[in-house]
Amino acid sequence: MQSNFASNPAQSMGRLHNENKSSFRDNFQRDRDRVIHCSAFRRLKHKTQVFVEHESDYFRTRLTHTIEVAQVARTIAGVLGLNSELTEAISLAHDLGHPPFGHTGEEALNSLMSEHSGFNHNAHALKLVTFIERHYAAFDGLNLSWETLEGIVKHNGPLVKEVPRYIEHYDRLHKLDLFDYASAEAQVAAISDDIAYNSHDLHDGLRAGLFSIEELTSLPLLSECFQSVDKKYPQIDNYRRQHEALRCFLGMLVDDVLKEAQKTFAKLVPTSPDDFRKAGFQVISFSHELERNLDIIRSFLFERMYRASSVLQMREKVTKIVKELFAAYTNDPNLMPKKWQKDLISVYCDADIVSLVCDYIAGMTDRFAISQYEKIFGKPIKTS
């Protein structure tokens, strides 16, 4: 049951372009549906989470990660009495702006765009849903509600440092209160992202053979989970053992967030959604003790998974793909597809061409970027 401090779709701040109300969906349900039906969401299927998507059918992709985030977020929002549809819409949209090859692709584009305000996946997600997606007759983008856009931009907190150029541009048209915190629903989406990737990266790392079950049993939180499973199922096989332990771990993280939020709510006594925005801190968080233990697990994943030699070798290869594609398209923008040619007509300077090329590459899937590299340069690149 939703509380009086949940975001209310009937009291939404509205959309940039006015539309008739739906007869069968509220504002946030409509946003969720538009995200699911957009082209950028479908492309997440073939974008990297940690491993390049073709390396195995079993590893998470950016799409499966997004779905897991949305599932966790809906659960937390429902228990806390928040708006589950808004939470889900933000969760489903939070990674739309990721380029091919995950954070490696983002780092490469950010470096290539360093003289043009850089590249930021949250800013690109906003650009996708407000401009690049062009399917509707009456407007560019998806024309999402203010609350969903706010969540996409600020789910990790207020923008207190340098504001990415496109976010700054859009904010002049449609104020998103960049220096305030986001809604509680957006904060739930953000922490659900942490919960999902910390849980499933452990699972994928085990499957990839980057570390062993024995190593996980020595880590805080996880040691408790394995002990609990061993006590309840002493004869279980290793595959089921690790699954049950990681399931326990995910539940432990969710339970901690719920308990911490309920304590915070009791102190804050919110009566409206704006009470969370004006609180001056992230109201949805882990407890200090769990955060400390989770930092140890994050450090373990960083050293043993994200910086594993096989992952680093792949990083070098895909960075080469992004950089050389960027140079090729910048030197000859006509290499881009015909549907992008109309945008070239409105380009007046080199900076505009660079921005257009960046947008085009950022929208690629892993496999499409690889195929375009091979097509342009006439040579295959080994990615395994």
# chains A, B, ... in the order shown; residues from 1 in each chain; ligands from 1
>>> select_by_dssp(residues="stretch 232-326 of chain A", states="helix (DSSP H, G or I)", output="PyMOL selection string")
chain A and resi 232+238-268+274-277+288-306+309-326
>>> residues_around(residues="A:Thr264", least_positions_apart="4", cutoff="10 Å", atoms="only C-alpha atoms", output="PyMOL selection string")
chain A and resi 258-260+268-270+282-285
>>> closest_residue(among="A:Glu162, A:Glu215, A:Asp352, A:Glu88", to="A:Ile36", atoms="only C-alpha atoms")
A:Glu88
>>> residues_around(residues="stretch 1-14 of chain A", least_positions_apart="2", cutoff="10 Å", atoms="only C-alpha atoms", output="PDB file with all heavy atoms, in the first residue's frame")
ATOM      1  N   LEU A  16       7.410  17.631 -20.713  1.00  0.00           N
ATOM      2  CA  LEU A  16       7.818  18.807 -21.480  1.00  0.00           C
ATOM      3  C   LEU A  16       6.750  19.147 -22.515  1.00  0.00           C
ATOM      4  O   LEU A  16       6.431  20.314 -22.729  1.00  0.00           O
ATOM      5  CB  LEU A  16       9.166  18.548 -22.161  1.00  0.00           C
ATOM      6  CG  LEU A  16       9.750  19.717 -22.960  1.00  0.00           C
ATOM      7  CD1 LEU A  16      10.008  20.924 -22.066  1.00  0.00           C
ATOM      8  CD2 LEU A  16      11.052  19.284 -23.646  1.00  0.00           C
ATOM      9  N   HIS A  17       6.203  18.123 -23.157  1.00  0.00           N
ATOM     10  CA  HIS A  17       5.136  18.322 -24.146  1.00  0.00           C
ATOM     11  C   HIS A  17       3.834  17.754 -23.572  1.00  0.00           C
ATOM     12  O   HIS A  17       3.774  16.583 -23.190  1.00  0.00           O
ATOM     13  CB  HIS A  17       5.485  17.608 -25.458  1.00  0.00           C
ATOM     14  CG  HIS A  17       6.805  18.017 -26.028  1.00  0.00           C
ATOM     15  ND1 HIS A  17       6.995  19.174 -26.742  1.00  0.00           N
ATOM     16  CD2 HIS A  17       8.020  17.408 -25.955  1.00  0.00           C
ATOM     17  CE1 HIS A  17       8.252  19.269 -27.106  1.00  0.00           C
ATOM     18  NE2 HIS A  17       8.907  18.213 -26.647  1.00  0.00           N
ATOM     19  N   ASN A  18       2.820  18.571 -23.502  1.00  0.00           N
ATOM     20  CA  ASN A  18       1.545  18.126 -22.945  1.00  0.00           C
ATOM     21  C   ASN A  18       0.932  17.023 -23.804  1.00  0.00           C
ATOM     22  O   ASN A  18       0.998  17.072 -25.029  1.00  0.00           O
ATOM     23  CB  ASN A  18       0.566  19.295 -22.842  1.00  0.00           C
ATOM     24  CG  ASN A  18       0.989  20.307 -21.790  1.00  0.00           C
ATOM     25  OD1 ASN A  18       1.580  19.947 -20.775  1.00  0.00           O
ATOM     26  ND2 ASN A  18       0.684  21.577 -22.028  1.00  0.00           N
ATOM     27  N   GLU A  19       0.344  16.050 -23.132  1.00  0.00           N
ATOM     28  CA  GLU A  19      -0.338  14.956 -23.819  1.00  0.00           C
ATOM     29  C   GLU A  19      -1.666  14.664 -23.129  1.00  0.00           C
ATOM     30  O   GLU A  19      -1.827  14.951 -21.935  1.00  0.00           O
ATOM     31  CB  GLU A  19       0.504  13.679 -23.763  1.00  0.00           C
ATOM     32  CG  GLU A  19       1.804  13.728 -24.522  1.00  0.00           C
ATOM     33  CD  GLU A  19       2.487  12.372 -24.513  1.00  0.00           C
ATOM     34  OE1 GLU A  19       1.908  11.406 -25.065  1.00  0.00           O
ATOM     35  OE2 GLU A  19       3.587  12.260 -23.947  1.00  0.00           O
ATOM     36  N   ARG A  25      -3.687   3.788 -18.060  1.00  0.00           N
ATOM     37  CA  ARG A  25      -2.392   3.811 -17.374  1.00  0.00           C
ATOM     38  C   ARG A  25      -2.206   5.153 -16.702  1.00  0.00           C
ATOM     39  O   ARG A  25      -2.620   6.188 -17.233  1.00  0.00           O
ATOM     40  CB  ARG A  25      -1.237   3.607 -18.365  1.00  0.00           C
ATOM     41  CG  ARG A  25      -1.173   2.271 -19.048  1.00  0.00           C
ATOM     42  CD  ARG A  25      -0.080   2.258 -20.090  1.00  0.00           C
ATOM     43  NE  ARG A  25      -0.328   3.238 -21.142  1.00  0.00           N
ATOM     44  CZ  ARG A  25       0.486   3.472 -22.168  1.00  0.00           C
ATOM     45  NH1 ARG A  25       1.612   2.803 -22.271  1.00  0.00           N
ATOM     46  NH2 ARG A  25       0.185   4.365 -23.086  1.00  0.00           N
ATOM     47  N   ASP A  26      -1.506   5.161 -15.557  1.00  0.00           N
ATOM     48  CA  ASP A  26      -1.150   6.442 -14.961  1.00  0.00           C
ATOM     49  C   ASP A  26       0.171   6.922 -15.574  1.00  0.00           C
ATOM     50  O   ASP A  26       0.784   6.243 -16.418  1.00  0.00           O
ATOM     51  CB  ASP A  26      -1.094   6.354 -13.433  1.00  0.00           C
ATOM     52  CG  ASP A  26       0.032   5.477 -12.892  1.00  0.00           C
ATOM     53  OD1 ASP A  26       1.121   5.445 -13.497  1.00  0.00           O
ATOM     54  OD2 ASP A  26      -0.167   4.840 -11.838  1.00  0.00           O
ATOM     55  N   ASN A  27       0.635   8.092 -15.174  1.00  0.00           N
ATOM     56  CA  ASN A  27       1.821   8.702 -15.780  1.00  0.00           C
ATOM     57  C   ASN A  27       3.058   7.821 -15.686  1.00  0.00           C
ATOM     58  O   ASN A  27       3.823   7.703 -16.646  1.00  0.00           O
ATOM     59  CB  ASN A  27       2.102  10.051 -15.106  1.00  0.00           C
ATOM     60  CG  ASN A  27       1.222  11.159 -15.634  1.00  0.00           C
ATOM     61  OD1 ASN A  27       1.019  11.275 -16.836  1.00  0.00           O
ATOM     62  ND2 ASN A  27       0.684  11.968 -14.741  1.00  0.00           N
ATOM     63  N   PHE A  28       3.269   7.218 -14.527  1.00  0.00           N
ATOM     64  CA  PHE A  28       4.492   6.453 -14.329  1.00  0.00           C
ATOM     65  C   PHE A  28       4.431   5.092 -15.028  1.00  0.00           C
ATOM     66  O   PHE A  28       5.463   4.578 -15.492  1.00  0.00           O
ATOM     67  CB  PHE A  28       4.774   6.290 -12.833  1.00  0.00           C
ATOM     68  CG  PHE A  28       4.869   7.592 -12.087  1.00  0.00           C
ATOM     69  CD1 PHE A  28       4.500   7.689 -10.746  1.00  0.00           C
ATOM     70  CD2 PHE A  28       5.336   8.740 -12.716  1.00  0.00           C
ATOM     71  CE1 PHE A  28       4.584   8.883 -10.063  1.00  0.00           C
ATOM     72  CE2 PHE A  28       5.419   9.951 -12.045  1.00  0.00           C
ATOM     73  CZ  PHE A  28       5.041  10.020 -10.700  1.00  0.00           C
ATOM     74  N   GLN A  29       3.253   4.504 -15.104  1.00  0.00           N
ATOM     75  CA  GLN A  29       3.102   3.273 -15.873  1.00  0.00           C
ATOM     76  C   GLN A  29       3.375   3.530 -17.354  1.00  0.00           C
ATOM     77  O   GLN A  29       4.007   2.717 -18.036  1.00  0.00           O
ATOM     78  CB  GLN A  29       1.688   2.718 -15.686  1.00  0.00           C
ATOM     79  CG  GLN A  29       1.420   2.174 -14.292  1.00  0.00           C
ATOM     80  CD  GLN A  29      -0.045   1.861 -14.060  1.00  0.00           C
ATOM     81  OE1 GLN A  29      -0.921   2.444 -14.703  1.00  0.00           O
ATOM     82  NE2 GLN A  29      -0.325   0.952 -13.148  1.00  0.00           N
ATOM     83  N   ALA A  77      10.591  -0.860  -3.004  1.00  0.00           N
ATOM     84  CA  ALA A  77       9.610   0.228  -3.050  1.00  0.00           C
ATOM     85  C   ALA A  77       8.264  -0.226  -2.477  1.00  0.00           C
ATOM     86  O   ALA A  77       7.607   0.519  -1.740  1.00  0.00           O
ATOM     87  CB  ALA A  77       9.430   0.716  -4.479  1.00  0.00           C
ATOM     88  N   GLY A  78       7.851  -1.444  -2.812  1.00  0.00           N
ATOM     89  CA  GLY A  78       6.577  -1.947  -2.326  1.00  0.00           C
ATOM     90  C   GLY A  78       6.537  -2.064  -0.817  1.00  0.00           C
ATOM     91  O   GLY A  78       5.553  -1.678  -0.179  1.00  0.00           O
ATOM     92  N   VAL A  79       7.613  -2.583  -0.229  1.00  0.00           N
ATOM     93  CA  VAL A  79       7.668  -2.737   1.227  1.00  0.00           C
ATOM     94  C   VAL A  79       7.663  -1.384   1.926  1.00  0.00           C
ATOM     95  O   VAL A  79       7.035  -1.208   2.977  1.00  0.00           O
ATOM     96  CB  VAL A  79       8.909  -3.556   1.643  1.00  0.00           C
ATOM     97  CG1 VAL A  79       9.043  -3.597   3.164  1.00  0.00           C
ATOM     98  CG2 VAL A  79       8.837  -4.967   1.083  1.00  0.00           C
ATOM     99  N   LEU A  80       8.338  -0.395   1.331  1.00  0.00           N
ATOM    100  CA  LEU A  80       8.457   0.926   1.959  1.00  0.00           C
ATOM    101  C   LEU A  80       7.262   1.836   1.679  1.00  0.00           C
ATOM    102  O   LEU A  80       7.212   2.962   2.180  1.00  0.00           O
ATOM    103  CB  LEU A  80       9.747   1.609   1.483  1.00  0.00           C
ATOM    104  CG  LEU A  80      11.059   0.936   1.902  1.00  0.00           C
ATOM    105  CD1 LEU A  80      12.245   1.697   1.325  1.00  0.00           C
ATOM    106  CD2 LEU A  80      11.166   0.839   3.426  1.00  0.00           C
ATOM    107  N   GLY A  81       6.315   1.370   0.890  1.00  0.00           N
ATOM    108  CA  GLY A  81       5.142   2.182   0.604  1.00  0.00           C
ATOM    109  C   GLY A  81       5.382   3.266  -0.426  1.00  0.00           C
ATOM    110  O   GLY A  81       4.642   4.254  -0.489  1.00  0.00           O
ATOM    111  N   LEU A  82       6.411   3.082  -1.246  1.00  0.00           N
ATOM    112  CA  LEU A  82       6.714   4.044  -2.299  1.00  0.00           C
ATOM    113  C   LEU A  82       6.015   3.641  -3.590  1.00  0.00           C
ATOM    114  O   LEU A  82       5.357   2.602  -3.654  1.00  0.00           O
ATOM    115  CB  LEU A  82       8.236   4.114  -2.508  1.00  0.00           C
ATOM    116  CG  LEU A  82       9.032   4.558  -1.273  1.00  0.00           C
ATOM    117  CD1 LEU A  82      10.532   4.371  -1.507  1.00  0.00           C
ATOM    118  CD2 LEU A  82       8.722   6.001  -0.896  1.00  0.00           C
ATOM    119  N   ASN A  83       6.168   4.440  -4.630  1.00  0.00           N
ATOM    120  CA  ASN A  83       5.499   4.146  -5.891  1.00  0.00           C
ATOM    121  C   ASN A  83       6.338   3.157  -6.705  1.00  0.00           C
ATOM    122  O   ASN A  83       7.419   3.500  -7.200  1.00  0.00           O
ATOM    123  CB  ASN A  83       5.269   5.430  -6.686  1.00  0.00           C
ATOM    124  CG  ASN A  83       4.414   5.185  -7.913  1.00  0.00           C
ATOM    125  OD1 ASN A  83       4.867   4.613  -8.901  1.00  0.00           O
ATOM    126  ND2 ASN A  83       3.157   5.607  -7.853  1.00  0.00           N
ATOM    127  N   SER A  84       5.844   1.941  -6.847  1.00  0.00           N
ATOM    128  CA  SER A  84       6.602   0.881  -7.520  1.00  0.00           C
ATOM    129  C   SER A  84       6.768   1.146  -9.012  1.00  0.00           C
ATOM    130  O   SER A  84       7.793   0.790  -9.604  1.00  0.00           O
ATOM    131  CB  SER A  84       5.920  -0.473  -7.311  1.00  0.00           C
ATOM    132  OG  SER A  84       5.925  -0.832  -5.955  1.00  0.00           O
ATOM    133  N   GLU A  85       5.744   1.760  -9.651  1.00  0.00           N
ATOM    134  CA  GLU A  85       5.824   2.002 -11.094  1.00  0.00           C
ATOM    135  C   GLU A  85       6.895   3.037 -11.431  1.00  0.00           C
ATOM    136  O   GLU A  85       7.653   2.880 -12.389  1.00  0.00           O
ATOM    137  CB  GLU A  85       4.461   2.441 -11.635  1.00  0.00           C
ATOM    138  CG  GLU A  85       3.493   1.309 -11.908  1.00  0.00           C
ATOM    139  CD  GLU A  85       2.956   0.690 -10.631  1.00  0.00           C
ATOM    140  OE1 GLU A  85       2.838   1.421  -9.625  1.00  0.00           O
ATOM    141  OE2 GLU A  85       2.654  -0.513 -10.636  1.00  0.00           O
ATOM    142  N   LEU A  86       6.971   4.116 -10.656  1.00  0.00           N
ATOM    143  CA  LEU A  86       8.022   5.117 -10.878  1.00  0.00           C
ATOM    144  C   LEU A  86       9.388   4.500 -10.622  1.00  0.00           C
ATOM    145  O   LEU A  86      10.334   4.702 -11.394  1.00  0.00           O
ATOM    146  CB  LEU A  86       7.814   6.333  -9.983  1.00  0.00           C
ATOM    147  CG  LEU A  86       8.923   7.394 -10.036  1.00  0.00           C
ATOM    148  CD1 LEU A  86       9.086   7.952 -11.444  1.00  0.00           C
ATOM    149  CD2 LEU A  86       8.645   8.515  -9.037  1.00  0.00           C
ATOM    150  N   THR A  87       9.489   3.733  -9.538  1.00  0.00           N
ATOM    151  CA  THR A  87      10.754   3.076  -9.211  1.00  0.00           C
ATOM    152  C   THR A  87      11.194   2.166 -10.348  1.00  0.00           C
ATOM    153  O   THR A  87      12.373   2.146 -10.738  1.00  0.00           O
ATOM    154  CB  THR A  87      10.606   2.240  -7.922  1.00  0.00           C
ATOM    155  OG1 THR A  87      10.074   3.064  -6.884  1.00  0.00           O
ATOM    156  CG2 THR A  87      11.941   1.673  -7.477  1.00  0.00           C
ATOM    157  N   ASN A 143       9.282  11.734 -24.184  1.00  0.00           N
ATOM    158  CA  ASN A 143       8.409  12.667 -23.446  1.00  0.00           C
ATOM    159  C   ASN A 143       8.011  12.085 -22.092  1.00  0.00           C
ATOM    160  O   ASN A 143       6.828  12.040 -21.729  1.00  0.00           O
ATOM    161  CB  ASN A 143       7.163  13.016 -24.259  1.00  0.00           C
ATOM    162  CG  ASN A 143       6.503  14.299 -23.757  1.00  0.00           C
ATOM    163  OD1 ASN A 143       7.175  15.221 -23.299  1.00  0.00           O
ATOM    164  ND2 ASN A 143       5.186  14.367 -23.839  1.00  0.00           N
ATOM    165  N   LEU A 144       8.996  11.641 -21.335  1.00  0.00           N
ATOM    166  CA  LEU A 144       8.743  11.052 -20.030  1.00  0.00           C
ATOM    167  C   LEU A 144       8.359  12.124 -19.016  1.00  0.00           C
ATOM    168  O   LEU A 144       8.654  13.311 -19.196  1.00  0.00           O
ATOM    169  CB  LEU A 144       9.990  10.303 -19.541  1.00  0.00           C
ATOM    170  CG  LEU A 144      10.500   9.180 -20.454  1.00  0.00           C
ATOM    171  CD1 LEU A 144      11.778   8.580 -19.882  1.00  0.00           C
ATOM    172  CD2 LEU A 144       9.445   8.097 -20.649  1.00  0.00           C
ATOM    173  N   SER A 145       7.762  11.698 -17.936  1.00  0.00           N
ATOM    174  CA  SER A 145       7.351  12.632 -16.895  1.00  0.00           C
ATOM    175  C   SER A 145       8.570  13.199 -16.173  1.00  0.00           C
ATOM    176  O   SER A 145       9.658  12.604 -16.172  1.00  0.00           O
ATOM    177  CB  SER A 145       6.426  11.944 -15.889  1.00  0.00           C
ATOM    178  OG  SER A 145       7.110  10.907 -15.207  1.00  0.00           O
ATOM    179  N   TRP A 146       8.361  14.330 -15.541  1.00  0.00           N
ATOM    180  CA  TRP A 146       9.433  15.029 -14.816  1.00  0.00           C
ATOM    181  C   TRP A 146      10.080  14.111 -13.797  1.00  0.00           C
ATOM    182  O   TRP A 146      11.312  14.083 -13.667  1.00  0.00           O
ATOM    183  CB  TRP A 146       8.845  16.258 -14.121  1.00  0.00           C
ATOM    184  CG  TRP A 146       9.838  17.120 -13.419  1.00  0.00           C
ATOM    185  CD1 TRP A 146      10.494  18.208 -13.929  1.00  0.00           C
ATOM    186  CD2 TRP A 146      10.305  16.981 -12.060  1.00  0.00           C
ATOM    187  NE1 TRP A 146      11.336  18.757 -12.972  1.00  0.00           N
ATOM    188  CE2 TRP A 146      11.234  18.016 -11.822  1.00  0.00           C
ATOM    189  CE3 TRP A 146      10.020  16.086 -11.031  1.00  0.00           C
ATOM    190  CZ2 TRP A 146      11.879  18.183 -10.598  1.00  0.00           C
ATOM    191  CZ3 TRP A 146      10.678  16.239  -9.801  1.00  0.00           C
ATOM    192  CH2 TRP A 146      11.590  17.274  -9.595  1.00  0.00           C
ATOM    193  N   GLU A 147       9.303  13.341 -13.068  1.00  0.00           N
ATOM    194  CA  GLU A 147       9.828  12.506 -11.999  1.00  0.00           C
ATOM    195  C   GLU A 147      10.753  11.411 -12.518  1.00  0.00           C
ATOM    196  O   GLU A 147      11.761  11.075 -11.887  1.00  0.00           O
ATOM    197  CB  GLU A 147       8.666  11.885 -11.205  1.00  0.00           C
ATOM    198  CG  GLU A 147       7.884  12.856 -10.362  1.00  0.00           C
ATOM    199  CD  GLU A 147       6.888  13.698 -11.153  1.00  0.00           C
ATOM    200  OE1 GLU A 147       6.711  13.440 -12.382  1.00  0.00           O
ATOM    201  OE2 GLU A 147       6.280  14.615 -10.573  1.00  0.00           O
ATOM    202  N   THR A 148      10.428  10.853 -13.677  1.00  0.00           N
ATOM    203  CA  THR A 148      11.290   9.821 -14.256  1.00  0.00           C
ATOM    204  C   THR A 148      12.585  10.432 -14.771  1.00  0.00           C
ATOM    205  O   THR A 148      13.674   9.874 -14.560  1.00  0.00           O
ATOM    206  CB  THR A 148      10.550   9.084 -15.390  1.00  0.00           C
ATOM    207  OG1 THR A 148       9.366   8.487 -14.864  1.00  0.00           O
ATOM    208  CG2 THR A 148      11.423   7.999 -15.996  1.00  0.00           C
ATOM    209  N   SER A 183      13.920  11.792  -5.782  1.00  0.00           N
ATOM    210  CA  SER A 183      12.846  11.151  -5.030  1.00  0.00           C
ATOM    211  C   SER A 183      13.354   9.897  -4.325  1.00  0.00           C
ATOM    212  O   SER A 183      14.388   9.323  -4.681  1.00  0.00           O
ATOM    213  CB  SER A 183      11.707  10.774  -5.977  1.00  0.00           C
ATOM    214  OG  SER A 183      12.156   9.782  -6.896  1.00  0.00           O
ATOM    215  N   ALA A 184      12.599   9.457  -3.325  1.00  0.00           N
ATOM    216  CA  ALA A 184      12.947   8.199  -2.657  1.00  0.00           C
ATOM    217  C   ALA A 184      12.909   7.041  -3.646  1.00  0.00           C
ATOM    218  O   ALA A 184      13.711   6.100  -3.556  1.00  0.00           O
ATOM    219  CB  ALA A 184      11.981   7.950  -1.500  1.00  0.00           C
ATOM    220  N   GLU A 185      11.992   7.112  -4.612  1.00  0.00           N
ATOM    221  CA  GLU A 185      11.905   6.049  -5.624  1.00  0.00           C
ATOM    222  C   GLU A 185      13.194   5.965  -6.441  1.00  0.00           C
ATOM    223  O   GLU A 185      13.698   4.873  -6.729  1.00  0.00           O
ATOM    224  CB  GLU A 185      10.710   6.301  -6.552  1.00  0.00           C
ATOM    225  CG  GLU A 185       9.363   6.017  -5.927  1.00  0.00           C
ATOM    226  CD  GLU A 185       8.771   7.167  -5.120  1.00  0.00           C
ATOM    227  OE1 GLU A 185       9.442   8.225  -5.001  1.00  0.00           O
ATOM    228  OE2 GLU A 185       7.657   7.017  -4.607  1.00  0.00           O
ATOM    229  N   VAL A 269      10.104  11.459   9.464  1.00  0.00           N
ATOM    230  CA  VAL A 269       8.647  11.590   9.455  1.00  0.00           C
ATOM    231  C   VAL A 269       8.181  12.304   8.172  1.00  0.00           C
ATOM    232  O   VAL A 269       7.583  13.382   8.222  1.00  0.00           O
ATOM    233  CB  VAL A 269       8.129  12.349  10.700  1.00  0.00           C
ATOM    234  CG1 VAL A 269       6.612  12.169  10.822  1.00  0.00           C
ATOM    235  CG2 VAL A 269       8.808  11.859  11.966  1.00  0.00           C
ATOM    236  N   PRO A 270       8.446  11.718   7.009  1.00  0.00           N
ATOM    237  CA  PRO A 270       8.056  12.370   5.754  1.00  0.00           C
ATOM    238  C   PRO A 270       6.549  12.385   5.572  1.00  0.00           C
ATOM    239  O   PRO A 270       5.849  11.441   5.960  1.00  0.00           O
ATOM    240  CB  PRO A 270       8.731  11.495   4.692  1.00  0.00           C
ATOM    241  CG  PRO A 270       8.813  10.140   5.336  1.00  0.00           C
ATOM    242  CD  PRO A 270       9.056  10.395   6.793  1.00  0.00           C
ATOM    243  N   THR A 271       6.058  13.475   5.003  1.00  0.00           N
ATOM    244  CA  THR A 271       4.618  13.571   4.715  1.00  0.00           C
ATOM    245  C   THR A 271       4.360  13.821   3.235  1.00  0.00           C
ATOM    246  O   THR A 271       3.204  13.852   2.811  1.00  0.00           O
ATOM    247  CB  THR A 271       3.985  14.706   5.530  1.00  0.00           C
ATOM    248  OG1 THR A 271       4.646  15.944   5.217  1.00  0.00           O
ATOM    249  CG2 THR A 271       4.096  14.431   7.027  1.00  0.00           C
ATOM    250  N   SER A 272       5.427  14.021   2.457  1.00  0.00           N
ATOM    251  CA  SER A 272       5.282  14.248   1.021  1.00  0.00           C
ATOM    252  C   SER A 272       6.558  13.811   0.323  1.00  0.00           C
ATOM    253  O   SER A 272       7.619  13.698   0.961  1.00  0.00           O
ATOM    254  CB  SER A 272       5.016  15.730   0.728  1.00  0.00           C
ATOM    255  OG  SER A 272       6.214  16.475   0.881  1.00  0.00           O
ATOM    256  N   PRO A 273       6.521  13.583  -0.993  1.00  0.00           N
ATOM    257  CA  PRO A 273       7.726  13.193  -1.732  1.00  0.00           C
ATOM    258  C   PRO A 273       8.852  14.223  -1.613  1.00  0.00           C
ATOM    259  O   PRO A 273      10.034  13.853  -1.599  1.00  0.00           O
ATOM    260  CB  PRO A 273       7.233  13.084  -3.184  1.00  0.00           C
ATOM    261  CG  PRO A 273       5.776  12.809  -3.078  1.00  0.00           C
ATOM    262  CD  PRO A 273       5.315  13.567  -1.864  1.00  0.00           C
ATOM    263  N   ASP A 274       8.508  15.502  -1.505  1.00  0.00           N
ATOM    264  CA  ASP A 274       9.538  16.534  -1.435  1.00  0.00           C
ATOM    265  C   ASP A 274      10.339  16.482  -0.145  1.00  0.00           C
ATOM    266  O   ASP A 274      11.446  17.029  -0.082  1.00  0.00           O
ATOM    267  CB  ASP A 274       8.916  17.920  -1.602  1.00  0.00           C
ATOM    268  CG  ASP A 274       8.650  18.267  -3.056  1.00  0.00           C
ATOM    269  OD1 ASP A 274       9.221  17.593  -3.933  1.00  0.00           O
ATOM    270  OD2 ASP A 274       7.878  19.202  -3.316  1.00  0.00           O
ATOM    271  N   ASP A 275       9.808  15.853   0.891  1.00  0.00           N
ATOM    272  CA  ASP A 275      10.567  15.725   2.135  1.00  0.00           C
ATOM    273  C   ASP A 275      11.853  14.941   1.916  1.00  0.00           C
ATOM    274  O   ASP A 275      12.867  15.186   2.584  1.00  0.00           O
ATOM    275  CB  ASP A 275       9.722  15.046   3.219  1.00  0.00           C
ATOM    276  CG  ASP A 275       8.604  15.938   3.721  1.00  0.00           C
ATOM    277  OD1 ASP A 275       8.702  17.171   3.543  1.00  0.00           O
ATOM    278  OD2 ASP A 275       7.624  15.402   4.276  1.00  0.00           O
ATOM    279  N   PHE A 276      11.842  13.993   0.984  1.00  0.00           N
ATOM    280  CA  PHE A 276      13.050  13.234   0.666  1.00  0.00           C
ATOM    281  C   PHE A 276      14.026  14.088  -0.143  1.00  0.00           C
ATOM    282  O   PHE A 276      15.237  14.021   0.049  1.00  0.00           O
ATOM    283  CB  PHE A 276      12.689  11.971  -0.116  1.00  0.00           C
ATOM    284  CG  PHE A 276      11.802  11.031   0.636  1.00  0.00           C
ATOM    285  CD1 PHE A 276      10.507  10.790   0.219  1.00  0.00           C
ATOM    286  CD2 PHE A 276      12.257  10.375   1.771  1.00  0.00           C
ATOM    287  CE1 PHE A 276       9.687   9.911   0.906  1.00  0.00           C
ATOM    288  CE2 PHE A 276      11.444   9.501   2.477  1.00  0.00           C
ATOM    289  CZ  PHE A 276      10.148   9.268   2.048  1.00  0.00           C
TER     290      PHE A 276
END
>>> residues_around(residues="stretch 134-140 of chain A", least_positions_apart="6", cutoff="12 Å", atoms="only C-alpha atoms", output="list in words")
Arg15, Leu16, His17, Asn18, Glu19, Asn20, Arg34, His37, Cys38, Ser39, Ala40, Lys127, Leu128, Lys339 and Trp340 of chain A
>>> residues_around(residues="A:Leu356", least_positions_apart="6", cutoff="10 Å", atoms="only C-alpha atoms", output="JSON list (two decimals) with N, CA, C and O atoms, in the first residue's frame")
[["chain", "number", "residue", "atom", "x", "y", "z"],
["A", 329, "TYR", "N", 34.78, 7.64, -38.27],
["A", 329, "TYR", "CA", 33.53, 8.38, -38.48],
["A", 329, "TYR", "C", 33.75, 9.89, -38.44],
["A", 329, "TYR", "O", 33.07, 10.64, -39.13],
["A", 330, "THR", "N", 34.69, 10.33, -37.61],
["A", 330, "THR", "CA", 34.97, 11.77, -37.54],
["A", 330, "THR", "C", 35.60, 12.25, -38.84],
["A", 330, "THR", "O", 35.27, 13.33, -39.35],
["A", 333, "PRO", "N", 32.15, 11.31, -41.85],
["A", 333, "PRO", "CA", 30.84, 11.07, -41.24],
["A", 333, "PRO", "C", 29.86, 10.35, -42.16],
["A", 333, "PRO", "O", 28.89, 9.75, -41.68],
["A", 336, "MET", "N", 28.50, 6.77, -41.64],
["A", 336, "MET", "CA", 27.35, 6.45, -40.79],
["A", 336, "MET", "C", 26.13, 6.16, -41.66],
["A", 336, "MET", "O", 26.07, 6.57, -42.82],
["A", 340, "TRP", "N", 21.23, 8.68, -40.28],
["A", 340, "TRP", "CA", 22.00, 9.70, -39.57],
["A", 340, "TRP", "C", 22.43, 10.83, -40.50],
["A", 340, "TRP", "O", 22.90, 11.87, -40.04],
["A", 343, "ASP", "N", 20.97, 14.31, -40.00],
["A", 343, "ASP", "CA", 21.54, 15.09, -38.90],
["A", 343, "ASP", "C", 22.83, 15.78, -39.33],
["A", 343, "ASP", "O", 23.19, 16.84, -38.79],
["A", 344, "LEU", "N", 23.54, 15.20, -40.29],
["A", 344, "LEU", "CA", 24.76, 15.82, -40.77],
["A", 344, "LEU", "C", 24.47, 17.16, -41.45],
["A", 344, "LEU", "O", 25.28, 18.08, -41.42],
["A", 347, "VAL", "N", 24.70, 20.03, -39.14],
["A", 347, "VAL", "CA", 25.97, 20.20, -38.45],
["A", 347, "VAL", "C", 26.75, 21.38, -39.05],
["A", 347, "VAL", "O", 26.94, 21.45, -40.26],
["A", 350, "ASP", "N", 33.02, 21.38, -36.48],
["A", 350, "ASP", "CA", 33.64, 20.11, -36.14],
["A", 350, "ASP", "C", 33.15, 19.57, -34.80],
["A", 350, "ASP", "O", 33.01, 18.35, -34.63],
["A", 362, "ALA", "N", 27.86, 5.51, -29.18],
["A", 362, "ALA", "CA", 27.29, 5.18, -27.87],
["A", 362, "ALA", "C", 26.05, 4.30, -28.00],
["A", 362, "ALA", "O", 25.74, 3.50, -27.11]]
